[in-house]
Amino acid sequence: MDALTAVAAWFTVPLGFEFVQRALLVSVAAGVVCAVLSCWMTLVGWSLMGDAVSHAVLPGVVLSYVFGLPFALGALVFGAGSVALIGAVNRTSRVKEDAVIGVVFTAMFALGLVLVSRVPSQTDLGHILFGNVLGVSDADIWQVLLLAAVVLAVVWYKHRDLTLYAFDPVHAHALGINPRLLETLLLGLLAVTVVVALQAVGIILVVAMVIIPGATAYLLTDRFERMLGISAAVAVAAAVAGVFTSFHLNVSTGGAIVLTQAGAFALAYLFAPRHGVLRRGRAARRLRARAASR
């Protein structure tokens with residue numbers, strides 16, 4: 001009974017604080033929208049693009065603080081602008097896409113650091129880079145919820161076209177679906193999703209939230225609809241565990257959330273029923289044993 005009481009207290013005591021309730025709300029909302037989009041990022045192979053967008057929004061965030069504008073506005077402008085710039089350079093030069101992405105996101109991130117160094121009194125670099133989910137305001141919460149709702153609504157409306165594009169863009173084009181338009185839509189959703197997650201984990205860790213849940217679900221199922229559910233479940237569980245862990249251990253909330261997601265990926269990598277390393281190792285040993293017995 002004492003053990004049950006201790007476990008119950010581990011969850012109930014933090015909920016008595018309003019800042020923990022706010023952190024849970026923002027972390028879960030950001031986690032779900034990132035998890036849903038991460039499934040498409042995994043299938044399309046855009047993990048590096050997520051990294052690029054998350055770093056490229058830094059100048060927009062800094063300029064928004066300087067001019068007293070909502071940080072989401074500047075982040076969206078620079079996020080969408082970096083995506084457009086990557087596409088333009090890739091189409092008009094012989095440089096491969098991965099190199100273009102590396103050039104653009106490092107240049108944008110460096111620009112952001114320069115701007116931060118010029119206005120240190122108006123910008124908390126730590127909160128931008130690593131998030132400040134324990135200090136979110138009412139305006140921040142409504143901003144996260146609104147942007148998350150927009151992304152999820154668009155994904156729900158276009159999920160069939162986006163899924164077909166992820167699996168077979170040639171077939172999508174043959175059916176009269178414009179792959180370039182879907183690519184632009186997906187990149188736009190990525191930019192908005194990065195903005196949603198910034199408040200929870202910051203620029204440095206947001207890429208993990210856009211990659212890890214989808215990659216984990218990809219190891220656990222071969223059905224896309226189930227992949228979406230597993231990805232969202234992993235993100236919600238990690239958000240809850242990360243917030244409570246950060247409260248009790250007094251550690252970074254964003255870091256705790258991402259580490260929990262990474263732990264879930266490690267478990268899936270090792271123990272997934274069909275695609276886990278240990279499972280495949282046992283299956284290979286059984287095949288070798290059968291071959292030897294013959």
# chains A, B, ... in the order shown; residues from 1 in each chain; ligands from 1
>>> closest_atom_pairs(of="range 44-120 of chain A", to="range 194-197 of chain A", cutoff="12 Å", atoms="only C-alpha atoms", output="tab-separated table")
residue	atom	partner	partner_atom	distance
A:Met49	CA	A:Val194	CA	11.2
A:Gly50	CA	A:Val194	CA	8.0
A:Asp51	CA	A:Val194	CA	9.5
A:Ala52	CA	A:Val194	CA	10.4
A:Val53	CA	A:Val194	CA	7.3
A:Ser54	CA	A:Val194	CA	5.9
A:His55	CA	A:Val194	CA	9.5
A:Ala56	CA	A:Val194	CA	10.3
A:Val57	CA	A:Val195	CA	8.2
A:Leu58	CA	A:Val195	CA	10.4
A:Gly60	CA	A:Val195	CA	10.7
A:Val61	CA	A:Val195	CA	9.5
A:Pro70	CA	A:Val195	CA	11.1
A:Phe71	CA	A:Val195	CA	8.5
A:Ala72	CA	A:Val195	CA	6.0
A:Leu73	CA	A:Val195	CA	9.0
A:Gly74	CA	A:Val195	CA	9.6
A:Ala75	CA	A:Val195	CA	6.3
A:Leu76	CA	A:Val195	CA	6.9
A:Val77	CA	A:Val195	CA	10.5
A:Phe78	CA	A:Val195	CA	10.6
A:Gly79	CA	A:Val194	CA	8.4
A:Ala80	CA	A:Val194	CA	10.8
>>> write_last_selection(atoms="C-alpha atoms", output="PDB file, in the first residue's frame")
ATOM      1  CA  MET A  49      14.841  18.794 -43.487  1.00  0.00           C
ATOM      2  CA  GLY A  50      13.238  18.863 -40.040  1.00  0.00           C
ATOM      3  CA  ASP A  51      16.632  19.640 -38.536  1.00  0.00           C
ATOM      4  CA  ALA A  52      17.137  22.433 -41.061  1.00  0.00           C
ATOM      5  CA  VAL A  53      13.791  24.105 -40.407  1.00  0.00           C
ATOM      6  CA  SER A  54      14.162  23.897 -36.630  1.00  0.00           C
ATOM      7  CA  HIS A  55      17.515  25.711 -36.749  1.00  0.00           C
ATOM      8  CA  ALA A  56      16.548  28.175 -39.464  1.00  0.00           C
ATOM      9  CA  VAL A  57      13.754  29.748 -37.414  1.00  0.00           C
ATOM     10  CA  LEU A  58      16.172  31.204 -34.832  1.00  0.00           C
ATOM     11  CA  GLY A  60      12.883  34.961 -36.912  1.00  0.00           C
ATOM     12  CA  VAL A  61      12.390  34.267 -33.219  1.00  0.00           C
ATOM     13  CA  PRO A  70       4.643  37.081 -31.510  1.00  0.00           C
ATOM     14  CA  PHE A  71       7.639  34.780 -31.872  1.00  0.00           C
ATOM     15  CA  ALA A  72       5.534  32.386 -33.960  1.00  0.00           C
ATOM     16  CA  LEU A  73       5.226  35.015 -36.681  1.00  0.00           C
ATOM     17  CA  GLY A  74       8.965  35.424 -37.162  1.00  0.00           C
ATOM     18  CA  ALA A  75       9.568  31.693 -36.837  1.00  0.00           C
ATOM     19  CA  LEU A  76       6.991  30.920 -39.521  1.00  0.00           C
ATOM     20  CA  VAL A  77       8.417  33.505 -41.909  1.00  0.00           C
ATOM     21  CA  PHE A  78      11.988  32.254 -41.563  1.00  0.00           C
ATOM     22  CA  GLY A  79      10.951  28.601 -41.488  1.00  0.00           C
ATOM     23  CA  ALA A  80       8.969  28.896 -44.717  1.00  0.00           C
TER      24      ALA A  80
END
>>> residues_around(residues="Leu181 in chain A", least_positions_apart="3", cutoff="12 Å", atoms="only C-alpha atoms", output="PyMOL selection string")
chain A and resi 158+161-162+165+169+172-173+176-178+184-188
>>> write_last_selection(atoms="C-alpha atoms", output="PDB file, in the first residue's frame")
ATOM      1  CA  LYS A 158      -5.300  15.706 -46.824  1.00  0.00           C
ATOM      2  CA  ASP A 161      -3.085  12.363 -50.618  1.00  0.00           C
ATOM      3  CA  LEU A 162      -0.105  12.888 -48.315  1.00  0.00           C
ATOM      4  CA  TYR A 165       2.685  10.889 -51.977  1.00  0.00           C
ATOM      5  CA  PRO A 169       4.729  10.022 -55.710  1.00  0.00           C
ATOM      6  CA  ALA A 172       0.049  10.063 -57.066  1.00  0.00           C
ATOM      7  CA  HIS A 173       0.980  12.095 -60.150  1.00  0.00           C
ATOM      8  CA  GLY A 176      -3.876  13.670 -61.069  1.00  0.00           C
ATOM      9  CA  ILE A 177      -2.387  14.678 -57.713  1.00  0.00           C
ATOM     10  CA  ASN A 178       0.313  17.342 -57.908  1.00  0.00           C
ATOM     11  CA  THR A 184       5.022  22.328 -50.461  1.00  0.00           C
ATOM     12  CA  LEU A 185       2.091  21.590 -48.151  1.00  0.00           C
ATOM     13  CA  LEU A 186       4.112  19.076 -46.142  1.00  0.00           C
ATOM     14  CA  LEU A 187       7.018  21.486 -45.789  1.00  0.00           C
ATOM     15  CA  GLY A 188       4.648  24.244 -44.692  1.00  0.00           C
TER      16      GLY A 188
END
>>> residues_around(residues="range 4-15 of chain A", least_positions_apart="5", cutoff="9 Å", atoms="only C-alpha atoms", output="tab-separated table (two decimals) with N, CA and C atoms, in the first residue's frame")
chain	number	residue	atom	x	y	z
A	20	VAL	N	2.89	23.25	-13.68
A	20	VAL	CA	3.01	21.87	-14.16
A	20	VAL	C	1.83	21.53	-15.06
A	21	GLN	N	0.64	21.97	-14.68
A	21	GLN	CA	-0.54	21.74	-15.52
A	21	GLN	C	-0.36	22.39	-16.89
A	244	PHE	N	6.83	15.15	-15.45
A	244	PHE	CA	6.89	14.71	-14.05
A	244	PHE	C	8.33	14.44	-13.60
A	247	PHE	N	10.10	17.67	-12.91
A	247	PHE	CA	9.66	18.27	-11.65
A	247	PHE	C	10.37	17.63	-10.46
A	248	HIS	N	10.41	16.31	-10.43
A	248	HIS	CA	10.97	15.61	-9.27
A	248	HIS	C	12.49	15.66	-9.24
>>> closest_atom_pairs(of="range 218-265 of chain A", to="range 38-43 of chain A", cutoff="12 Å", atoms="only C-alpha atoms", output="Markdown table")
| residue | atom | partner | partner_atom | distance |
| --- | --- | --- | --- | --- |
| A:Tyr218 | CA | A:Cys39 | CA | 7.7 |
| A:Leu219 | CA | A:Thr42 | CA | 10.9 |
| A:Thr221 | CA | A:Cys39 | CA | 11.6 |
| A:Asp222 | CA | A:Leu43 | CA | 11.4 |
| A:Arg223 | CA | A:Cys39 | CA | 11.2 |
| A:Phe224 | CA | A:Cys39 | CA | 8.1 |
| A:Glu225 | CA | A:Cys39 | CA | 9.8 |
| A:Arg226 | CA | A:Cys39 | CA | 10.5 |
| A:Met227 | CA | A:Cys39 | CA | 7.1 |
| A:Leu228 | CA | A:Cys39 | CA | 6.5 |
| A:Gly229 | CA | A:Cys39 | CA | 9.9 |
| A:Ile230 | CA | A:Cys39 | CA | 9.9 |
| A:Ser231 | CA | A:Cys39 | CA | 7.3 |
| A:Ala232 | CA | A:Ser38 | CA | 9.5 |
| A:Val234 | CA | A:Ser38 | CA | 11.7 |
| A:Ala235 | CA | A:Ser38 | CA | 10.5 |
>>> atom_distance(atom1="CA of Thr216 in chain A", atom2="CA of Gly135 in chain A")
29.4 Å
